[in-house]
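Okay, coords.csv now, which holds CSV, C-alpha atoms:
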```csv
chain,number,residue,atom,x,y,z
A,1324,MET,CA,23.3,-36.6,-28.4
A,1325,VAL,CA,24.7,-34.4,-31.1
A,1326,GLU,CA,21.3,-34.6,-32.9
A,1327,SER,CA,19.6,-33.2,-29.8
A,1328,LEU,CA,22.2,-30.4,-29.6
A,1329,LYS,CA,21.6,-29.6,-33.3
A,1330,ALA,CA,17.8,-29.7,-32.8
A,1331,ALA,CA,18.0,-27.4,-29.8
A,1332,THR,CA,20.2,-25.0,-31.7
A,1333,PHE,CA,17.8,-24.9,-34.7
A,1334,GLU,CA,14.9,-24.3,-32.4
A,1335,VAL,CA,16.5,-21.4,-30.6
A,1336,LEU,CA,17.9,-19.7,-33.7
A,1337,GLU,CA,14.7,-20.0,-35.6
A,1338,THR,CA,12.3,-19.0,-32.8
A,1339,MET,CA,14.2,-16.1,-31.2
A,1340,PHE,CA,16.4,-14.8,-34.1
A,1341,PHE,CA,14.6,-15.8,-37.3
A,1342,LEU,CA,17.9,-17.3,-38.4
A,1343,PHE,CA,18.1,-20.6,-40.2
A,1344,PRO,CA,21.3,-22.7,-39.8
A,1345,GLU,CA,22.5,-25.0,-42.4
A,1346,ASN,CA,24.8,-28.1,-42.4
A,1347,LEU,CA,27.6,-27.3,-44.8
A,1348,GLU,CA,30.7,-29.4,-45.4
A,1349,GLU,CA,32.8,-26.2,-45.7
A,1350,ALA,CA,31.4,-24.7,-42.5
A,1351,ALA,CA,34.9,-24.9,-40.9
A,1352,THR,CA,36.1,-22.3,-43.3
A,1353,LEU,CA,33.5,-19.7,-42.1
A,1354,PHE,CA,35.3,-18.8,-38.8
A,1355,HIS,CA,37.4,-15.6,-39.2
A,1356,GLY,CA,38.2,-12.5,-37.2
A,1357,PRO,CA,37.0,-11.6,-33.7
A,1358,GLY,CA,34.3,-13.8,-32.2
A,1359,LEU,CA,32.4,-14.6,-29.0
A,1360,ARG,CA,32.2,-17.9,-27.2
A,1361,ALA,CA,29.5,-18.4,-24.5
A,1362,TRP,CA,28.7,-21.5,-22.5
A,1363,VAL,CA,26.5,-22.8,-19.6
A,1364,PRO,CA,28.3,-24.8,-17.0
A,1365,VAL,CA,26.4,-27.9,-15.9
A,1366,GLU,CA,27.1,-29.3,-12.5
A,1367,GLY,CA,25.9,-32.7,-11.3
A,1368,PRO,CA,27.1,-36.3,-11.2
A,1369,LYS,CA,29.2,-35.3,-14.2
A,1370,ASN,CA,30.3,-31.8,-15.0
A,1371,PHE,CA,30.2,-30.5,-18.5
A,1372,ARG,CA,29.3,-27.3,-20.4
A,1373,VAL,CA,27.0,-26.5,-23.4
A,1374,GLY,CA,28.1,-23.6,-25.5
A,1375,LEU,CA,28.5,-21.9,-28.8
A,1376,THR,CA,31.0,-19.8,-30.7
A,1377,VAL,CA,30.1,-17.1,-33.3
A,1378,PRO,CA,31.9,-14.6,-35.4
A,1379,LEU,CA,31.3,-11.0,-34.3
A,1380,PRO,CA,29.1,-10.2,-37.4
A,1381,LEU,CA,26.8,-13.1,-36.5
A,1382,ALA,CA,26.6,-11.9,-32.9
A,1383,GLN,CA,25.6,-8.5,-34.2
A,1384,GLU,CA,22.9,-10.0,-36.5
A,1385,MET,CA,21.6,-12.0,-33.6
A,1386,ALA,CA,21.5,-9.1,-31.2
A,1387,ALA,CA,19.8,-6.8,-33.8
A,1388,ASN,CA,17.1,-9.4,-34.5
A,1389,PHE,CA,16.6,-10.2,-30.8
A,1390,LEU,CA,16.1,-6.6,-29.8
A,1391,GLY,CA,14.6,-5.3,-32.9
A,1392,LEU,CA,17.4,-2.7,-33.3
A,1393,GLU,CA,19.6,-1.6,-36.2
A,1394,LYS,CA,23.0,-3.3,-36.1
A,1395,ASP,CA,24.8,-0.1,-35.5
A,1396,ARG,CA,22.7,0.5,-32.3
A,1397,VAL,CA,23.7,-2.8,-30.8
A,1398,THR,CA,26.1,-2.3,-27.8
A,1399,PRO,CA,29.0,-4.6,-26.8
A,1400,GLU,CA,27.0,-5.5,-23.7
A,1401,ASN,CA,24.1,-6.5,-25.9
A,1402,LEU,CA,26.4,-8.7,-27.9
A,1403,GLU,CA,27.7,-10.6,-24.9
A,1404,ASP,CA,24.3,-10.8,-23.3
A,1405,VAL,CA,22.6,-12.2,-26.4
A,1406,VAL,CA,25.3,-14.8,-27.0
A,1407,LYS,CA,25.1,-15.9,-23.3
A,1408,GLU,CA,21.4,-16.0,-23.4
A,1409,THR,CA,21.5,-18.1,-26.6
A,1410,ALA,CA,23.8,-20.6,-24.9
A,1411,ASN,CA,21.4,-20.7,-22.0
A,1412,MET,CA,18.4,-21.4,-24.2
A,1413,VAL,CA,20.3,-24.0,-26.3
A,1414,ALA,CA,21.3,-25.8,-23.0
A,1415,GLY,CA,17.7,-25.6,-21.7
A,1416,SER,CA,16.3,-27.0,-24.9
A,1417,PHE,CA,19.0,-29.7,-25.0
A,1418,PHE,CA,18.1,-30.8,-21.5
A,1419,ILE,CA,14.5,-31.3,-22.4
A,1420,LYS,CA,15.3,-33.2,-25.6
A,1421,GLU,CA,17.8,-35.5,-23.7
A,1422,GLN,CA,15.6,-35.7,-20.6
A,1423,VAL,CA,18.5,-34.8,-18.4
A,1424,PRO,CA,17.7,-35.7,-14.7
A,1425,LYS,CA,17.1,-32.9,-12.2
A,1426,ASP,CA,20.4,-33.5,-10.3
A,1427,PHE,CA,22.2,-31.8,-13.2
A,1428,ASN,CA,22.0,-28.1,-12.7
A,1429,LEU,CA,22.3,-25.3,-15.2
A,1430,LYS,CA,24.6,-22.5,-13.9
A,1431,PRO,CA,24.7,-18.9,-15.1
A,1432,PRO,CA,26.3,-18.5,-18.5
A,1433,GLU,CA,29.8,-17.2,-19.1
A,1434,ALA,CA,31.4,-15.7,-22.2
A,1435,ILE,CA,34.8,-14.7,-23.6
A,1436,ARG,CA,36.0,-12.9,-26.7
A,1437,LEU,CA,38.4,-14.7,-28.9
A,1438,ASP,CA,40.3,-14.6,-32.2
A,1439,LEU,CA,38.6,-17.1,-34.4
A,1440,ASP,CA,41.7,-17.4,-36.8
A,1441,SER,CA,43.8,-18.7,-33.9
A,1442,GLN,CA,41.4,-21.7,-33.3
A,1443,HIS,CA,41.2,-25.1,-34.9
A,1444,TRP,CA,37.7,-25.9,-36.3
A,1445,GLU,CA,36.8,-29.5,-36.7
A,1446,GLU,CA,33.4,-31.2,-36.4
A,1447,ASN,CA,33.2,-34.3,-34.2
A,1448,SER,CA,30.8,-36.1,-31.9
A,1449,HIS,CA,30.7,-33.2,-29.5
A,1450,HIS,CA,31.4,-30.2,-31.7
A,1451,LEU,CA,28.9,-29.2,-34.4
A,1452,LEU,CA,29.9,-26.8,-37.1
A,1453,LEU,CA,27.0,-25.0,-38.9
A,1454,ALA,CA,26.6,-22.1,-41.3
A,1455,VAL,CA,24.3,-19.2,-40.7
A,1456,GLU,CA,24.1,-16.6,-43.5
A,1457,ASP,CA,27.7,-17.4,-44.7
A,1458,LEU,CA,29.1,-17.2,-41.2
A,1459,GLY,CA,30.2,-20.0,-38.9
A,1460,LEU,CA,28.4,-21.2,-35.8
A,1461,GLU,CA,30.0,-23.8,-33.5
A,1462,VAL,CA,27.9,-25.6,-30.9
A,1463,PHE,CA,29.6,-27.8,-28.4
A,1464,LEU,CA,29.2,-30.1,-25.4
A,1465,GLU,CA,32.4,-30.5,-23.4
A,1466,LYS,CA,33.3,-32.4,-20.3
A,1467,THR,CA,34.7,-30.2,-17.5
A,1468,LYS,CA,36.4,-30.9,-14.2
B,1133,MET,CA,-6.8,-0.3,-16.1
B,1134,ALA,CA,-3.1,0.1,-16.7
B,1135,TYR,CA,-1.0,-2.7,-15.3
B,1136,ASN,CA,2.3,-2.1,-13.5
B,1137,VAL,CA,4.7,-4.9,-14.5
B,1138,LEU,CA,7.9,-6.1,-12.8
B,1139,ILE,CA,10.4,-7.9,-15.1
B,1140,VAL,CA,13.0,-9.9,-13.2
B,1141,ASP,CA,16.0,-11.4,-15.1
B,1142,ASP,CA,19.7,-11.2,-14.6
B,1143,SER,CA,20.1,-10.5,-18.3
B,1144,ALA,CA,19.5,-6.8,-19.1
B,1145,THR,CA,19.1,-7.8,-22.8
B,1146,MET,CA,16.4,-10.3,-21.9
B,1147,ARG,CA,14.6,-7.7,-19.8
B,1148,ALA,CA,14.7,-5.3,-22.7
B,1149,LEU,CA,13.2,-8.0,-25.0
B,1150,VAL,CA,10.4,-8.8,-22.6
B,1151,ARG,CA,9.6,-5.1,-22.1
B,1152,LYS,CA,9.5,-4.7,-25.9
B,1153,VAL,CA,7.1,-7.6,-26.3
B,1154,LEU,CA,4.9,-6.2,-23.6
B,1155,ASN,CA,4.8,-2.8,-25.4
B,1156,ILE,CA,3.5,-4.4,-28.5
B,1157,SER,CA,1.3,-7.1,-26.9
B,1158,GLY,CA,-1.8,-5.1,-26.5
B,1159,LEU,CA,-1.6,-5.0,-22.7
B,1160,ASP,CA,-2.5,-1.7,-21.2
B,1161,LEU,CA,0.9,-1.2,-19.7
B,1162,GLY,CA,1.4,1.3,-16.8
B,1163,GLU,CA,4.9,1.5,-15.3
B,1164,CYS,CA,7.4,-1.2,-16.2
B,1165,PHE,CA,10.0,-2.0,-13.5
B,1166,GLU,CA,13.1,-4.2,-13.8
B,1167,GLY,CA,15.1,-6.2,-11.3
B,1168,ALA,CA,18.2,-8.3,-11.9
B,1169,ASN,CA,17.4,-10.9,-9.3
B,1170,GLY,CA,14.9,-11.8,-6.6
B,1171,ARG,CA,16.4,-9.5,-4.0
B,1172,GLU,CA,16.1,-6.5,-6.3
B,1173,ALA,CA,12.6,-7.5,-7.1
B,1174,LEU,CA,11.6,-7.6,-3.4
B,1175,GLU,CA,13.0,-4.1,-3.0
B,1176,ILE,CA,10.9,-2.9,-5.9
B,1177,LEU,CA,7.8,-4.6,-4.6
B,1178,GLN,CA,8.3,-2.8,-1.2
B,1179,ARG,CA,8.4,0.6,-2.9
B,1180,ASN,CA,5.8,0.3,-5.7
B,1181,TRP,CA,2.4,-1.1,-6.6
B,1182,ILE,CA,2.9,-4.1,-8.9
B,1183,ASP,CA,0.1,-5.9,-10.7
B,1184,LEU,CA,2.1,-8.6,-12.5
B,1185,VAL,CA,5.6,-10.2,-12.1
B,1186,LEU,CA,7.4,-11.8,-15.0
B,1187,SER,CA,10.5,-13.6,-13.6
B,1188,ASP,CA,13.4,-15.7,-14.7
B,1189,LEU,CA,14.0,-18.9,-12.7
B,1190,HIS,CA,17.8,-19.2,-12.6
B,1191,MET,CA,19.4,-16.0,-11.3
B,1192,PRO,CA,22.3,-15.3,-9.0
B,1193,GLU,CA,21.8,-14.1,-5.4
B,1194,MET,CA,18.1,-14.9,-5.2
B,1195,ASP,CA,16.4,-17.1,-7.8
B,1196,GLY,CA,12.9,-17.0,-9.1
B,1197,ALA,CA,11.6,-19.8,-6.9
B,1198,ALA,CA,12.9,-18.0,-3.7
B,1199,LEU,CA,11.3,-14.8,-4.9
B,1200,VAL,CA,7.9,-16.4,-5.4
B,1201,ARG,CA,8.1,-18.1,-2.0
B,1202,ALA,CA,8.9,-14.8,-0.3
B,1203,MET,CA,6.0,-13.1,-2.1
B,1204,ARG,CA,3.6,-15.8,-1.1
B,1205,GLN,CA,4.5,-15.3,2.6
B,1206,ASP,CA,3.6,-11.6,2.4
B,1207,HIS,CA,-0.1,-10.7,2.7
B,1208,LEU,CA,0.3,-7.7,0.3
B,1209,TRP,CA,2.1,-9.7,-2.4
B,1210,GLN,CA,0.6,-13.1,-2.2
B,1211,THR,CA,-2.1,-12.5,-4.8
B,1212,ILE,CA,0.1,-10.8,-7.4
B,1213,PRO,CA,0.2,-13.1,-10.5
B,1214,VAL,CA,3.7,-14.5,-11.3
B,1215,VAL,CA,4.7,-16.0,-14.6
B,1216,LEU,CA,8.1,-17.6,-14.8
B,1217,ILE,CA,10.0,-17.1,-18.1
B,1218,THR,CA,12.7,-19.7,-18.1
B,1219,THR,CA,15.0,-22.0,-20.1
B,1220,GLU,CA,14.1,-24.7,-17.6
B,1221,GLY,CA,11.6,-27.1,-19.1
B,1222,ARG,CA,12.1,-30.2,-17.0
B,1223,GLN,CA,8.9,-31.1,-15.3
B,1224,GLU,CA,10.7,-32.7,-12.3
B,1225,VAL,CA,12.4,-29.4,-11.7
B,1226,LEU,CA,9.2,-27.2,-12.2
B,1227,ALA,CA,6.8,-29.5,-10.4
B,1228,PRO,CA,7.9,-28.6,-6.8
B,1229,LEU,CA,7.1,-25.0,-7.6
B,1230,SER,CA,3.4,-25.8,-8.2
B,1231,ASP,CA,2.7,-25.1,-4.5
B,1232,CYS,CA,3.8,-21.5,-4.9
B,1233,SER,CA,0.7,-20.5,-6.9
B,1234,ILE,CA,2.6,-19.6,-10.0
B,1235,GLN,CA,0.2,-18.5,-12.7
B,1236,GLY,CA,2.2,-20.0,-15.5
B,1237,TYR,CA,5.4,-20.7,-17.3
B,1238,ILE,CA,6.8,-19.4,-20.6
B,1239,ARG,CA,9.7,-21.4,-21.8
B,1240,LYS,CA,12.6,-19.7,-23.6
B,1241,PRO,CA,12.9,-19.7,-26.6
B,1242,PHE,CA,9.5,-18.1,-27.0
B,1243,ARG,CA,7.6,-16.2,-29.6
B,1244,PRO,CA,6.1,-12.8,-28.7
B,1245,GLU,CA,2.7,-14.4,-29.2
B,1246,ASP,CA,3.4,-16.9,-26.4
B,1247,ILE,CA,3.7,-14.0,-23.9
B,1248,LYS,CA,0.6,-12.4,-25.2
B,1249,GLU,CA,-1.4,-15.6,-25.0
B,1250,LYS,CA,-0.2,-16.3,-21.5
B,1251,LEU,CA,-1.1,-12.8,-20.2
B,1252,GLN,CA,-4.5,-13.0,-21.9
B,1253,ASN,CA,-5.2,-16.3,-20.1
B,1254,ILE,CA,-4.0,-14.9,-16.7
B,1255,LEU,CA,-5.6,-11.5,-16.9
B,1256,GLY,CA,-8.8,-12.9,-18.5
B,1257,GLU,CA,-11.6,-10.4,-18.8
B,1258,ALA,CA,-9.3,-7.7,-17.4
B,1259,TRP,CA,-7.3,-7.8,-20.6
B,1260,VAL,CA,-7.9,-4.6,-22.5
B,1261,PRO,CA,-6.4,-4.5,-26.0
B,1262,HIS,CA,-4.5,-1.2,-26.2
B,1263,GLY,CA,-4.3,-0.6,-29.9
B,1264,ARG,CA,-0.7,-1.9,-30.3
B,1265,GLU,CA,-0.8,-5.2,-32.1
B,1266,LEU,CA,1.8,-7.9,-32.7
B,1267,GLU,CA,0.6,-8.5,-36.2
B,1268,GLY,CA,2.7,-6.7,-38.7
B,1269,CYS,CA,5.4,-5.7,-36.2
B,1270,ASP,CA,9.0,-6.3,-37.2
B,1271,PHE,CA,9.7,-9.0,-34.6
```
Representation of the structure as structure tokens:
Amino acid sequence: MVESLKAATFEVLETMFFLFPENLEEAATLFHGPGLRAWVPVEGPKNFRVGLTVPLPLAQEMAANFLGLEKDRVTPENLEDVVKETANMVAGSFFIKEQVPKDFNLKPPEAIRLDLDSQHWEENSHHLLLAVEDLGLEVFLEKTK
Amino acid sequence: MAYNVLIVDDSATMRALVRKVLNISGLDLGECFEGANGREALEILQRNWIDLVLSDLHMPEMDGAALVRAMRQDHLWQTIPVVLITTEGRQEVLAPLSDCSIQGYIRKPFRPEDIKEKLQNILGEAWVPHGRELEGCDF
């Protein structure tokens, strides 16, 4: 399942942002400062969410590439919107790769701002840590109530 | 002929991206309208002449499927081509929409060329390259 999540992430970042993630053992050290976390709630026989966390500079890079703007012209609304849309696309691509049945529904994405230094970063079967241009990218799949 | 296009997506950033792609696609673009959901799209359709609708599927208030069904029940709007731009790629979810006369799907993530190719297929001979090409752009 984590392989599908990784493949979905690579597909979205490469196609929409021209960014190329890498697997790095030290990826956990690349999360610092302010960041954004976005996820797509999934409702169905089991509830879960698919999401990602990025440092602010990576969100700025993504938004600039996505909209064809200079980084200093990217607005805070653009940042949140792009990270949410990225989570949406990763979830959609993951659903296809895992052939998730139609009784699981993708809900509108949500996002929060957070301090990355206050979080614990560890890769496991449902959390993937990647590096994108020397910045961290977490992709996750979590059960919810 | 310049085409008036309606872009429907709850993400303002995605609407801006689609508008940007249209601008460089070669389509002879007239006015470009934007709506955040199906309800807003119907209001825009009531007030304006629209030649093509590009809509997201999953949206709050009124989703893309409900929008297309409403359009197909109105004699003025039933022939307007609709293309869904969506993260949804599961055939078992998309198949029930085939009775709505949707002209095509573009799955996110997409390349700008995907939109151009889809519009060329839909508009066919009516496609008029407008001197703005994708090649060499900084997308």
Mind running chain B against chain A at 7 Å and telling me each contacting residue's nearest atom pair with the distance in Å (one decimal), counting all atoms listed in the file, chain and number ascending, as a Markdown table?
```
| residue | atom | partner | partner_atom | distance |
| --- | --- | --- | --- | --- |
| B:Ser1143 | CA | A:Asp1404 | CA | 6.5 |
| B:Thr1145 | CA | A:Asp1404 | CA | 6.0 |
| B:Leu1149 | CA | A:Leu1390 | CA | 5.8 |
| B:Thr1219 | CA | A:Gly1415 | CA | 4.8 |
| B:Glu1220 | CA | A:Gly1415 | CA | 5.5 |
| B:Gly1221 | CA | A:Ile1419 | CA | 6.1 |
| B:Arg1222 | CA | A:Ile1419 | CA | 6.0 |
| B:Glu1224 | CA | A:Lys1425 | CA | 6.4 |
| B:Val1225 | CA | A:Lys1425 | CA | 5.9 |
| B:Lys1240 | CA | A:Met1412 | CA | 6.1 |
| B:Pro1241 | CA | A:Val1335 | CA | 5.6 |
| B:Phe1242 | CA | A:Thr1338 | CA | 6.5 |
| B:Arg1243 | CA | A:Thr1338 | CA | 6.3 |
| B:Phe1271 | CA | A:Gly1391 | CA | 6.4 |
```
Distance query B:Glu1245 at most 9 Å, all atoms listed in the file, self and fewer than 3 positions along chain excluded, as a list in words: Val1153, Ser1157, Phe1242, Lys1248, Glu1249, Lys1250 and Leu1266 of chain B
Counting only C-alpha atoms, figure out which residue out of A:Leu1342, A:Leu1328, A:Val1377, A:Val1363 gets nearest to A:Leu1439. A:Val1377
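Nearest to B:Asp1183 of all the residues B:Leu1138, B:Asp1195, B:Arg1147, B:Val1215 is B:Leu1138, counting all atoms listed in the file.
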I need every residue sitting at most 8 Å from the point (26.2, -29.8, -20.3) (coordinates as in the file, only C-alpha atoms considered), written as a ChimeraX atom specification. /A:1363-1366,1370-1373,1414,1429,1464-1466
Could you write out that same residue set with C-alpha atoms as a compact mmCIF listing (two decimals), keeping the file's coordinate frame?
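And here's selection26.txt as it stands now:
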```txt
# COMPACT_ATOMS: atom_id res chain seq x y z
CA VAL A 1363 26.50 -22.80 -19.60
CA PRO A 1364 28.30 -24.80 -17.00
CA VAL A 1365 26.40 -27.90 -15.90
CA GLU A 1366 27.10 -29.30 -12.50
CA ASN A 1370 30.30 -31.80 -15.00
CA PHE A 1371 30.20 -30.50 -18.50
CA ARG A 1372 29.30 -27.30 -20.40
CA VAL A 1373 27.00 -26.50 -23.40
CA ALA A 1414 21.30 -25.80 -23.00
CA LEU A 1429 22.30 -25.30 -15.20
CA LEU A 1464 29.20 -30.10 -25.40
CA GLU A 1465 32.40 -30.50 -23.40
CA LYS A 1466 33.30 -32.40 -20.30
```
Once N, CA, C and O atoms are restored for stretch 1439-1454 of chain A, what would the output be as a PDB file, keeping the file's coordinate frame?
```pdb
ATOM      1  N   LEU A1439      39.048 -15.892 -33.789  1.00  0.00           N
ATOM      2  CA  LEU A1439      38.600 -17.100 -34.400  1.00  0.00           C
ATOM      3  C   LEU A1439      39.724 -17.722 -35.320  1.00  0.00           C
ATOM      4  O   LEU A1439      39.785 -18.928 -35.524  1.00  0.00           O
ATOM      5  N   ASP A1440      40.603 -16.866 -35.869  1.00  0.00           N
ATOM      6  CA  ASP A1440      41.700 -17.400 -36.800  1.00  0.00           C
ATOM      7  C   ASP A1440      42.707 -18.174 -36.005  1.00  0.00           C
ATOM      8  O   ASP A1440      43.449 -18.925 -36.622  1.00  0.00           O
ATOM      9  N   SER A1441      42.768 -18.006 -34.703  1.00  0.00           N
ATOM     10  CA  SER A1441      43.800 -18.700 -33.900  1.00  0.00           C
ATOM     11  C   SER A1441      43.256 -20.094 -33.433  1.00  0.00           C
ATOM     12  O   SER A1441      43.957 -20.817 -32.741  1.00  0.00           O
ATOM     13  N   GLN A1442      42.020 -20.428 -33.772  1.00  0.00           N
ATOM     14  CA  GLN A1442      41.400 -21.700 -33.300  1.00  0.00           C
ATOM     15  C   GLN A1442      41.400 -22.720 -34.395  1.00  0.00           C
ATOM     16  O   GLN A1442      41.456 -22.398 -35.577  1.00  0.00           O
ATOM     17  N   HIS A1443      41.310 -23.977 -33.974  1.00  0.00           N
ATOM     18  CA  HIS A1443      41.200 -25.100 -34.900  1.00  0.00           C
ATOM     19  C   HIS A1443      39.718 -25.506 -34.979  1.00  0.00           C
ATOM     20  O   HIS A1443      39.097 -25.726 -33.939  1.00  0.00           O
ATOM     21  N   TRP A1444      39.179 -25.592 -36.185  1.00  0.00           N
ATOM     22  CA  TRP A1444      37.700 -25.900 -36.300  1.00  0.00           C
ATOM     23  C   TRP A1444      37.565 -27.265 -36.943  1.00  0.00           C
ATOM     24  O   TRP A1444      37.939 -27.492 -38.085  1.00  0.00           O
ATOM     25  N   GLU A1445      37.004 -28.162 -36.179  1.00  0.00           N
ATOM     26  CA  GLU A1445      36.800 -29.500 -36.700  1.00  0.00           C
ATOM     27  C   GLU A1445      35.517 -30.085 -36.064  1.00  0.00           C
ATOM     28  O   GLU A1445      35.328 -30.003 -34.845  1.00  0.00           O
ATOM     29  N   GLU A1446      34.667 -30.646 -36.901  1.00  0.00           N
ATOM     30  CA  GLU A1446      33.400 -31.200 -36.400  1.00  0.00           C
ATOM     31  C   GLU A1446      33.721 -32.624 -35.844  1.00  0.00           C
ATOM     32  O   GLU A1446      34.476 -33.378 -36.445  1.00  0.00           O
ATOM     33  N   ASN A1447      33.134 -32.958 -34.703  1.00  0.00           N
ATOM     34  CA  ASN A1447      33.200 -34.300 -34.200  1.00  0.00           C
ATOM     35  C   ASN A1447      31.977 -34.627 -33.367  1.00  0.00           C
ATOM     36  O   ASN A1447      30.986 -33.892 -33.470  1.00  0.00           O
ATOM     37  N   SER A1448      32.025 -35.666 -32.562  1.00  0.00           N
ATOM     38  CA  SER A1448      30.800 -36.100 -31.900  1.00  0.00           C
ATOM     39  C   SER A1448      30.294 -35.106 -30.845  1.00  0.00           C
ATOM     40  O   SER A1448      29.153 -35.216 -30.396  1.00  0.00           O
ATOM     41  N   HIS A1449      31.127 -34.154 -30.456  1.00  0.00           N
ATOM     42  CA  HIS A1449      30.700 -33.200 -29.500  1.00  0.00           C
ATOM     43  C   HIS A1449      30.843 -31.728 -29.918  1.00  0.00           C
ATOM     44  O   HIS A1449      30.613 -30.802 -29.133  1.00  0.00           O
ATOM     45  N   HIS A1450      31.288 -31.521 -31.151  1.00  0.00           N
ATOM     46  CA  HIS A1450      31.400 -30.200 -31.700  1.00  0.00           C
ATOM     47  C   HIS A1450      30.677 -30.158 -33.057  1.00  0.00           C
ATOM     48  O   HIS A1450      31.037 -30.924 -33.952  1.00  0.00           O
ATOM     49  N   LEU A1451      29.725 -29.273 -33.155  1.00  0.00           N
ATOM     50  CA  LEU A1451      28.900 -29.200 -34.400  1.00  0.00           C
ATOM     51  C   LEU A1451      29.252 -27.881 -35.070  1.00  0.00           C
ATOM     52  O   LEU A1451      29.269 -26.820 -34.434  1.00  0.00           O
ATOM     53  N   LEU A1452      29.561 -27.970 -36.364  1.00  0.00           N
ATOM     54  CA  LEU A1452      29.900 -26.800 -37.100  1.00  0.00           C
ATOM     55  C   LEU A1452      28.719 -26.493 -38.117  1.00  0.00           C
ATOM     56  O   LEU A1452      28.407 -27.344 -38.946  1.00  0.00           O
ATOM     57  N   LEU A1453      28.135 -25.317 -38.019  1.00  0.00           N
ATOM     58  CA  LEU A1453      27.000 -25.000 -38.900  1.00  0.00           C
ATOM     59  C   LEU A1453      27.304 -23.649 -39.591  1.00  0.00           C
ATOM     60  O   LEU A1453      28.228 -22.917 -39.206  1.00  0.00           O
ATOM     61  N   ALA A1454      26.509 -23.374 -40.619  1.00  0.00           N
ATOM     62  CA  ALA A1454      26.600 -22.100 -41.300  1.00  0.00           C
ATOM     63  C   ALA A1454      25.323 -21.324 -41.150  1.00  0.00           C
ATOM     64  O   ALA A1454      24.230 -21.896 -41.266  1.00  0.00           O
TER      65      ALA A1454
END
```
